[in-house]
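J.: Right, I'll just put the structure down here and ask away after.
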Amino acid sequence: DIQMTQSPSTLSASVGDRVTITCRASQSISGWLAWYQQKPGKAPKLLIYEASTLESGVPSRFSGSGFGTTFSLTISSLQPDDFATYYCQQYNSFSRTFGQGTKVEIK
Amino acid sequence: EKQLVESGGGLVRPGGSLRLSCTASGFTFRGYAMTWVRQAPGKGLEWVSGISADGTDTYYADSVEGRVISSRDNSKYTLYLQMSDLRGEDSAVYYCARLQPVTGGGALDFWGHGTLVTVTS
(Lines give C-alpha, C1' and ligand atoms only; values in the text may rest on other atoms or scores of the structure.)
Protein backbone atom coordinates (compact mmCIF):
# COMPACT_ATOMS: atom_id res chain seq x y z
CA ASP A 1 0.00 0.00 0.00
CA ILE A 2 1.05 3.58 -0.61
CA GLN A 3 1.95 5.39 2.61
CA MET A 4 1.26 9.10 3.01
CA THR A 5 3.30 11.16 5.46
CA GLN A 6 2.31 14.69 6.43
CA SER A 7 4.42 17.28 8.17
CA PRO A 8 4.23 18.92 10.54
CA SER A 9 1.74 17.09 12.75
CA THR A 10 0.86 20.34 14.49
CA LEU A 11 1.36 23.88 13.32
CA SER A 12 0.91 26.99 15.49
CA ALA A 13 0.21 30.14 13.55
CA SER A 14 -1.44 33.53 13.77
CA VAL A 15 -4.19 35.11 11.72
CA GLY A 16 -2.62 36.51 8.57
CA ASP A 17 0.29 34.08 8.50
CA ARG A 18 1.22 32.12 5.40
CA VAL A 19 1.31 28.42 6.24
CA THR A 20 2.42 25.39 4.29
CA ILE A 21 1.73 21.72 4.96
CA THR A 22 3.70 19.01 3.21
CA CYS A 23 2.56 15.54 2.19
CA ARG A 24 4.88 12.85 0.89
CA ALA A 25 3.90 9.60 -0.80
CA SER A 26 5.93 6.40 -0.47
CA GLN A 27 5.82 6.01 -4.25
CA SER A 28 4.75 8.15 -7.16
CA ILE A 29 1.05 8.98 -7.30
CA SER A 30 1.33 11.35 -10.26
CA GLY A 31 -1.08 14.19 -9.42
CA TRP A 32 -3.75 12.07 -7.77
CA LEU A 33 -3.81 13.86 -4.46
CA ALA A 34 -6.55 15.60 -2.53
CA TRP A 35 -6.58 17.86 0.52
CA TYR A 36 -9.39 17.95 3.07
CA GLN A 37 -10.21 20.22 5.98
CA GLN A 38 -11.90 18.84 9.09
CA LYS A 39 -13.25 20.75 12.05
CA PRO A 40 -14.08 19.07 15.38
CA GLY A 41 -17.24 17.00 15.24
CA LYS A 42 -17.70 17.59 11.53
CA ALA A 43 -17.17 15.58 8.38
CA PRO A 44 -14.12 16.39 6.26
CA LYS A 45 -14.53 18.86 3.42
CA LEU A 46 -12.75 18.63 0.09
CA LEU A 47 -10.48 21.62 -0.57
CA ILE A 48 -8.23 20.61 -3.45
CA TYR A 49 -8.11 17.71 -5.89
CA GLU A 50 -5.65 16.60 -8.56
CA ALA A 51 -2.97 18.20 -6.38
CA SER A 52 -3.73 21.78 -7.38
CA THR A 53 -7.37 22.20 -8.47
CA LEU A 54 -9.48 24.21 -6.06
CA GLU A 55 -12.88 22.70 -5.28
CA SER A 56 -15.80 24.96 -6.08
CA GLY A 57 -16.55 27.40 -3.30
CA VAL A 58 -13.18 27.06 -1.57
CA PRO A 59 -11.48 30.43 -0.92
CA SER A 60 -8.59 31.31 -3.19
CA ARG A 61 -6.21 31.69 -0.23
CA PHE A 62 -5.92 27.90 -0.39
CA SER A 63 -3.60 26.46 -3.00
CA GLY A 64 -1.97 23.14 -3.71
CA SER A 65 1.09 22.05 -5.61
CA GLY A 66 3.26 19.06 -6.32
CA PHE A 67 3.53 15.95 -8.46
CA GLY A 68 4.91 12.48 -8.02
CA THR A 69 5.77 12.03 -4.35
CA THR A 70 5.91 15.50 -2.79
CA PHE A 71 2.95 17.81 -2.39
CA SER A 72 2.04 20.89 -0.42
CA LEU A 73 -1.01 22.80 0.74
CA THR A 74 -0.55 26.52 1.31
CA ILE A 75 -2.87 28.98 3.00
CA SER A 76 -1.70 32.41 1.90
CA SER A 77 -3.22 34.40 4.77
CA LEU A 78 -4.62 32.36 7.62
CA GLN A 79 -8.14 33.31 8.65
CA PRO A 80 -9.96 32.46 11.92
CA ASP A 81 -12.12 29.92 10.06
CA ASP A 82 -9.02 28.04 8.89
CA PHE A 83 -8.01 26.65 12.28
CA ALA A 84 -8.72 22.98 11.71
CA THR A 85 -7.06 19.69 10.87
CA TYR A 86 -5.94 19.07 7.30
CA TYR A 87 -5.50 15.69 5.61
CA CYS A 88 -3.99 14.68 2.33
CA GLN A 89 -5.24 11.58 0.50
CA GLN A 90 -3.86 9.72 -2.48
CA TYR A 91 -6.20 8.21 -5.03
CA ASN A 92 -3.67 6.74 -7.40
CA SER A 93 -4.52 3.26 -6.22
CA PHE A 94 -7.72 1.52 -5.16
CA SER A 95 -6.48 1.63 -1.57
CA ARG A 96 -6.93 5.34 -0.98
CA THR A 97 -4.72 6.16 1.96
CA PHE A 98 -4.76 9.34 4.02
CA GLY A 99 -1.95 11.19 5.68
CA GLN A 100 -2.03 11.31 9.47
CA GLY A 101 -3.27 14.89 9.55
CA THR A 102 -1.91 18.33 10.41
CA LYS A 103 -3.63 20.34 13.11
CA VAL A 104 -3.42 24.09 12.57
CA GLU A 105 -3.66 25.82 15.94
CA ILE A 106 -3.89 29.40 17.06
CA LYS A 107 -0.52 30.72 18.20
CA GLU B 1 -29.94 19.66 -1.93
CA LYS B 2 -27.72 16.61 -1.90
CA GLN B 3 -27.47 14.55 1.27
CA LEU B 4 -25.76 11.44 2.57
CA VAL B 5 -27.21 10.08 5.80
CA GLU B 6 -25.50 7.23 7.61
CA SER B 7 -27.31 4.98 10.07
CA GLY B 8 -26.89 1.65 11.82
CA GLY B 9 -24.12 2.49 14.23
CA GLY B 10 -24.25 1.63 17.92
CA LEU B 11 -22.81 -0.52 20.65
CA VAL B 12 -21.72 -4.04 19.76
CA ARG B 13 -19.79 -6.77 21.54
CA PRO B 14 -16.40 -7.95 20.28
CA GLY B 15 -16.98 -10.62 17.68
CA GLY B 16 -20.38 -9.20 16.84
CA SER B 17 -21.80 -7.89 13.59
CA LEU B 18 -23.35 -4.67 12.39
CA ARG B 19 -24.70 -3.32 9.11
CA LEU B 20 -24.26 0.34 8.34
CA SER B 21 -26.40 2.12 5.76
CA CYS B 22 -25.88 5.34 3.87
CA THR B 23 -28.91 6.80 2.14
CA ALA B 24 -28.35 9.33 -0.61
CA SER B 25 -30.61 12.03 -1.96
CA GLY B 26 -30.34 15.06 -4.19
CA PHE B 27 -28.09 13.49 -6.82
CA THR B 28 -28.08 10.51 -9.18
CA PHE B 29 -26.69 7.89 -6.83
CA ARG B 30 -26.13 5.22 -9.51
CA GLY B 31 -23.69 7.52 -11.28
CA TYR B 32 -21.15 7.64 -8.48
CA ALA B 33 -18.65 5.30 -6.92
CA MET B 34 -18.83 5.47 -3.14
CA THR B 35 -16.55 4.84 -0.23
CA TRP B 36 -16.49 4.32 3.53
CA VAL B 37 -13.98 6.16 5.70
CA ARG B 38 -13.66 5.81 9.46
CA GLN B 39 -12.16 7.85 12.25
CA ALA B 40 -11.36 6.40 15.64
CA PRO B 41 -11.84 8.79 18.58
CA GLY B 42 -9.12 11.44 18.52
CA LYS B 43 -7.41 9.82 15.53
CA GLY B 44 -7.04 10.49 11.83
CA LEU B 45 -9.02 9.36 8.82
CA GLU B 46 -8.76 5.78 7.59
CA TRP B 47 -10.09 4.64 4.23
CA VAL B 48 -12.10 1.43 4.76
CA SER B 49 -13.79 0.39 1.53
CA GLY B 50 -14.78 1.49 -1.94
CA ILE B 51 -17.45 0.33 -4.38
CA SER B 52 -17.97 1.12 -8.03
CA ALA B 53 -21.05 2.93 -9.30
CA ASP B 54 -22.73 -0.28 -10.45
CA GLY B 55 -21.61 -2.26 -7.40
CA THR B 56 -19.62 -4.84 -9.34
CA ASP B 57 -16.20 -3.83 -8.00
CA THR B 58 -15.32 -3.52 -4.34
CA TYR B 59 -12.09 -2.67 -2.55
CA TYR B 60 -11.09 -3.03 1.07
CA ALA B 61 -8.37 -1.87 3.42
CA ASP B 62 -6.12 -4.63 4.73
CA SER B 63 -7.34 -3.86 8.26
CA VAL B 64 -10.90 -4.96 7.41
CA GLU B 65 -10.39 -7.37 4.49
CA GLY B 66 -12.42 -10.54 5.06
CA ARG B 67 -14.52 -8.96 7.81
CA VAL B 68 -16.53 -6.35 5.91
CA ILE B 69 -18.60 -6.38 2.75
CA SER B 70 -19.56 -3.25 0.89
CA SER B 71 -22.68 -3.32 -1.27
CA ARG B 72 -25.26 -0.98 -2.69
CA ASP B 73 -28.85 -0.92 -3.90
CA ASN B 74 -29.07 1.77 -6.53
CA SER B 75 -32.86 1.48 -6.69
CA LYS B 76 -32.97 2.46 -3.03
CA TYR B 77 -30.19 5.04 -3.25
CA THR B 78 -28.46 3.20 -0.42
CA LEU B 79 -24.93 2.07 0.32
CA TYR B 80 -24.21 -0.64 2.88
CA LEU B 81 -21.28 -1.82 4.95
CA GLN B 82 -21.76 -5.24 6.53
CA MET B 83 -19.24 -5.66 9.31
CA SER B 84 -18.55 -8.89 11.20
CA ASP B 85 -16.05 -10.22 13.75
CA LEU B 86 -15.83 -6.70 15.15
CA ARG B 87 -12.87 -5.71 17.31
CA GLY B 88 -12.15 -2.84 19.64
CA GLU B 89 -10.01 -1.18 16.99
CA ASP B 90 -13.07 -0.99 14.74
CA SER B 91 -14.63 1.56 17.10
CA ALA B 92 -14.93 4.76 15.11
CA VAL B 93 -17.19 7.21 13.38
CA TYR B 94 -17.94 5.74 9.96
CA TYR B 95 -18.48 8.18 7.12
CA CYS B 96 -19.79 7.43 3.68
CA ALA B 97 -18.52 9.67 0.91
CA ARG B 98 -19.06 10.16 -2.79
CA LEU B 99 -16.23 9.94 -5.29
CA GLN B 100 -15.90 12.47 -8.06
CA PRO B 101 -17.31 10.93 -11.24
CA VAL B 102 -14.04 10.48 -13.13
CA THR B 103 -12.49 7.32 -14.56
CA GLY B 104 -11.07 5.28 -11.71
CA GLY B 105 -12.82 7.47 -9.17
CA GLY B 106 -11.65 10.82 -7.97
CA ALA B 107 -11.43 12.64 -4.69
CA LEU B 108 -14.18 12.48 -2.09
CA ASP B 109 -16.31 15.47 -2.93
CA PHE B 110 -19.27 14.95 -0.62
CA TRP B 111 -19.52 13.33 2.81
CA GLY B 112 -22.19 12.24 5.21
CA HIS B 113 -22.12 13.27 8.85
CA GLY B 114 -21.08 9.84 10.09
CA THR B 115 -22.40 7.12 12.39
CA LEU B 116 -20.60 5.98 15.54
CA VAL B 117 -19.70 2.34 16.07
CA THR B 118 -18.48 1.33 19.52
CA VAL B 119 -17.15 -2.17 20.09
CA THR B 120 -17.06 -2.97 23.76
CA SER B 121 -17.73 -5.83 26.14
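Letters A, B, ... mark the chains of the C-alpha coordinates in the order given; residue numbers begin at 1 per chain; ligand numbers begin at 1, in order shown.
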Using only C-alpha atoms, find the residues of chain B whose closest atom to chain A is at most 7 Å away, then write them as number ranges by chain.

T.: B: 44-47, 59, 61, 106-109, 111-113

J.: Taking the chain letters and numbering used in this document, name the residues of chain B that DSSP puts in strand (DSSP E), as a PyMOL selection string.

T.: chain B and resi 3-7+10-12+18-25+34-39+45-51+58-60+68-73+78-83+92-99+108-111+115-119

J.: Please provide the set of residues having any atom within 7 Å of stretch 65-79 of chain A, restricted to only C-alpha atoms, with same-chain residues fewer than 4 positions apart removed, written as a list in words.

T.: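 Result of the neighbour search: Val15, Gly16, Asp17, Arg18, Val19, Thr20, Ile21, Thr22, Cys23, Arg24, Ala25, Ser26, Gln27, Ser28, Ile29, Ser30, Gly31, Ala51, Ser52 and Arg61 of chain A.
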
J.: I want to know what sits within 10 Å of A:Ile106, based on only C-alpha atoms, with residues of the same chain fewer than 2 positions away left out; could you give that as a PyMOL selection string?

T.: chain A and resi 11-15+78+80+82-84+103-104

J.: Measure the distance from atom CA of B:Gly15 to atom CA of B:Val93 in Å and round it to one decimal.

T.: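 Separation of atom CA of B:Gly15 and atom CA of B:Val93: 18.3 Å.
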
J.: Grab the atom CA of B:Ala53 to atom CA of B:Gly31 distance for me, in Å with one decimal place.

T.: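 Rounded to one decimal, the two atoms are 5.7 Å apart.
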
J.: Show me, as a PyMOL selection string, the residues that have an atom within 6 Å of B:Val48 when counting only C-alpha atoms, minus same-chain residues fewer than 3 positions from it.

T.: chain B and resi 36-37+60-61

J.: Which neighbours of B:Leu81 fall inside 10 Å, counting only C-alpha atoms, when residues of the same chain fewer than 6 positions from it are skipped, and could you give them as a PDB file with N, CA and C atoms, in the first residue's frame?

T.:
ATOM      1  N   GLY B   8     -27.244   3.019  11.494  1.00  0.00           N
ATOM      2  CA  GLY B   8     -26.894   1.645  11.819  1.00  0.00           C
ATOM      3  C   GLY B   8     -25.791   1.484  12.844  1.00  0.00           C
ATOM      4  N   LEU B  18     -22.572  -5.879  12.528  1.00  0.00           N
ATOM      5  CA  LEU B  18     -23.346  -4.666  12.392  1.00  0.00           C
ATOM      6  C   LEU B  18     -23.454  -4.348  10.906  1.00  0.00           C
ATOM      7  N   ARG B  19     -24.584  -3.802  10.488  1.00  0.00           N
ATOM      8  CA  ARG B  19     -24.698  -3.320   9.114  1.00  0.00           C
ATOM      9  C   ARG B  19     -24.975  -1.829   9.119  1.00  0.00           C
ATOM     10  N   LEU B  20     -24.090  -1.102   8.493  1.00  0.00           N
ATOM     11  CA  LEU B  20     -24.261   0.336   8.337  1.00  0.00           C
ATOM     12  C   LEU B  20     -24.944   0.616   7.006  1.00  0.00           C
ATOM     13  N   SER B  21     -25.736   1.668   6.988  1.00  0.00           N
ATOM     14  CA  SER B  21     -26.395   2.118   5.764  1.00  0.00           C
ATOM     15  C   SER B  21     -26.067   3.574   5.515  1.00  0.00           C
ATOM     16  N   CYS B  22     -26.093   3.950   4.274  1.00  0.00           N
ATOM     17  CA  CYS B  22     -25.878   5.336   3.874  1.00  0.00           C
ATOM     18  C   CYS B  22     -26.896   5.639   2.779  1.00  0.00           C
ATOM     19  N   THR B  35     -17.566   5.375  -1.111  1.00  0.00           N
ATOM     20  CA  THR B  35     -16.545   4.844  -0.229  1.00  0.00           C
ATOM     21  C   THR B  35     -16.963   4.980   1.222  1.00  0.00           C
ATOM     22  N   TRP B  36     -16.343   4.192   2.080  1.00  0.00           N
ATOM     23  CA  TRP B  36     -16.486   4.317   3.528  1.00  0.00           C
ATOM     24  C   TRP B  36     -15.120   4.720   4.102  1.00  0.00           C
ATOM     25  N   VAL B  48     -11.664   2.781   4.404  1.00  0.00           N
ATOM     26  CA  VAL B  48     -12.098   1.433   4.757  1.00  0.00           C
ATOM     27  C   VAL B  48     -12.445   0.599   3.522  1.00  0.00           C
ATOM     28  N   SER B  49     -13.268   1.188   2.637  1.00  0.00           N
ATOM     29  CA  SER B  49     -13.791   0.389   1.528  1.00  0.00           C
ATOM     30  C   SER B  49     -14.276   1.302   0.416  1.00  0.00           C
ATOM     31  N   VAL B  68     -15.469  -7.275   6.320  1.00  0.00           N
ATOM     32  CA  VAL B  68     -16.525  -6.350   5.909  1.00  0.00           C
ATOM     33  C   VAL B  68     -16.879  -6.605   4.441  1.00  0.00           C
ATOM     34  N   ILE B  69     -18.117  -6.292   4.121  1.00  0.00           N
ATOM     35  CA  ILE B  69     -18.601  -6.381   2.749  1.00  0.00           C
ATOM     36  C   ILE B  69     -19.343  -5.094   2.427  1.00  0.00           C
ATOM     37  N   SER B  70     -18.898  -4.452   1.356  1.00  0.00           N
ATOM     38  CA  SER B  70     -19.558  -3.250   0.890  1.00  0.00           C
ATOM     39  C   SER B  70     -20.511  -3.607  -0.245  1.00  0.00           C
ATOM     40  N   SER B  71     -21.698  -3.059  -0.206  1.00  0.00           N
ATOM     41  CA  SER B  71     -22.678  -3.317  -1.265  1.00  0.00           C
ATOM     42  C   SER B  71     -23.558  -2.087  -1.431  1.00  0.00           C
ATOM     43  N   ARG B  72     -24.365  -2.111  -2.466  1.00  0.00           N
ATOM     44  CA  ARG B  72     -25.259  -0.983  -2.694  1.00  0.00           C
ATOM     45  C   ARG B  72     -26.511  -1.445  -3.411  1.00  0.00           C
ATOM     46  N   TYR B  94     -18.008   6.218  11.340  1.00  0.00           N
ATOM     47  CA  TYR B  94     -17.942   5.740   9.962  1.00  0.00           C
ATOM     48  C   TYR B  94     -18.668   6.737   9.059  1.00  0.00           C
ATOM     49  N   CYS B  96     -19.734   7.773   5.093  1.00  0.00           N
ATOM     50  CA  CYS B  96     -19.787   7.425   3.679  1.00  0.00           C
ATOM     51  C   CYS B  96     -19.485   8.696   2.888  1.00  0.00           C
TER      52      CYS B  96
END
